[in-house]
Amino acid sequence: MRAVISVLGKDRTGILAFVSTRCAERGVNIEDVTQKVLDDLFAMIMIVTIPDDLDNFHSFVQEMEEEGKKVGLSIHVMHEDIFNAMHTI
């Protein structure tokens, strides 16, 4: 299954490494990533493939959000189908 991960926070070294490490620990493959720094705000969007054998998608979503909060980042994970439905007119 594919998902979209968005990350927002104050810019600093290592944000991409932090998020990609958390993904790798769960076997999540990063297919595409774009990032931008606006003044001191870091913004990133990733397209990822989540393995079918991942224990629970909802636990992955919660883990990513909680890990992000610990380091001052807003991390949101959304199933690709929901993302597409939200952005279709």
# chains A, B, ... in the order shown; residues from 1 in each chain; ligands from 1

call {"tool": "residues_around", "arguments": {"residues": "A:Asp52", "least_positions_apart": "3", "cutoff": "12 Å", "atoms": "only C-alpha atoms", "output": "list in words"}}
result
Met1, Arg2, Arg26, Gly27, Val28, Asn29, Thr49, Asp55, Asn56 and Phe57 of chain A

call {"tool": "write_last_selection", "arguments": {"atoms": "C-alpha atoms", "output": "PDB file, in the first residue's frame"}}
result
ATOM      1  CA  MET A   1       0.000   0.000   0.000  1.00  0.00           C
ATOM      2  CA  ARG A   2       1.199   3.518  -0.710  1.00  0.00           C
ATOM      3  CA  ARG A  26       9.420  -0.517   9.849  1.00  0.00           C
ATOM      4  CA  GLY A  27      10.385  -1.680   6.338  1.00  0.00           C
ATOM      5  CA  VAL A  28       8.690   1.306   4.698  1.00  0.00           C
ATOM      6  CA  ASN A  29      10.228   2.162   1.309  1.00  0.00           C
ATOM      7  CA  THR A  49       5.257   2.038   0.085  1.00  0.00           C
ATOM      8  CA  ASP A  55       1.689  -5.160  11.791  1.00  0.00           C
ATOM      9  CA  ASN A  56      -0.808  -2.331  11.748  1.00  0.00           C
ATOM     10  CA  PHE A  57      -1.020   0.780   9.559  1.00  0.00           C
TER      11      PHE A  57
END

call {"tool": "residues_around", "arguments": {"residues": "A:Val61", "least_positions_apart": "6", "cutoff": "9 Å", "atoms": "only C-alpha atoms", "output": "PyMOL selection string"}}
result
chain A and resi 75-78

call {"tool": "write_last_selection", "arguments": {"atoms": "C-alpha atoms", "output": "CSV table (one decimal), in the first residue's frame"}}
result
chain,number,residue,atom,x,y,z
A,75,ILE,CA,4.4,14.3,11.0
A,76,HIS,CA,1.2,13.1,9.3
A,77,VAL,CA,0.8,9.8,7.5
A,78,MET,CA,-2.2,9.3,5.2

call {"tool": "select_by_dssp", "arguments": {"residues": "chain A", "states": "alpha helix (DSSP H)", "output": "PyMOL selection string"}}
result
chain A and resi 15-25+57-70+80-86

call {"tool": "select_by_dssp", "arguments": {"residues": "chain A", "states": "strand (DSSP E)", "output": "PyMOL selection string"}}
result
chain A and resi 2-10+29-38+41-49+73-79

call {"tool": "residues_around", "arguments": {"residues": "A:Leu38", "least_positions_apart": "4", "cutoff": "10 Å", "atoms": "only C-alpha atoms", "output": "PyMOL selection string"}}
result
chain A and resi 10-11+42-43

call {"tool": "closest_residue", "arguments": {"among": "A:Ile5, A:Leu73, A:Leu16, A:Met64", "to": "A:Met46", "atoms": "only C-alpha atoms"}}
result
A:Ile5

call {"tool": "closest_residue", "arguments": {"among": "A:Pro51, A:Val33, A:Gln62, A:Thr21", "to": "A:Ser74", "atoms": "only C-alpha atoms"}}
result
A:Gln62

call {"tool": "closest_residue", "arguments": {"among": "A:Gly14, A:Ile47, A:His79, A:Thr34", "to": "A:Phe60", "atoms": "only C-alpha atoms"}}
result
A:His79

call {"tool": "atom_distance", "arguments": {"atom1": "atom CA of A:His58", "atom2": "atom CA of A:Leu8"}}
result
20.1 Å

call {"tool": "closest_residue", "arguments": {"among": "A:Ala3, A:Ile50, A:Asp40, A:Ile45", "to": "A:Ala24", "atoms": "only C-alpha atoms"}}
result
A:Ile50
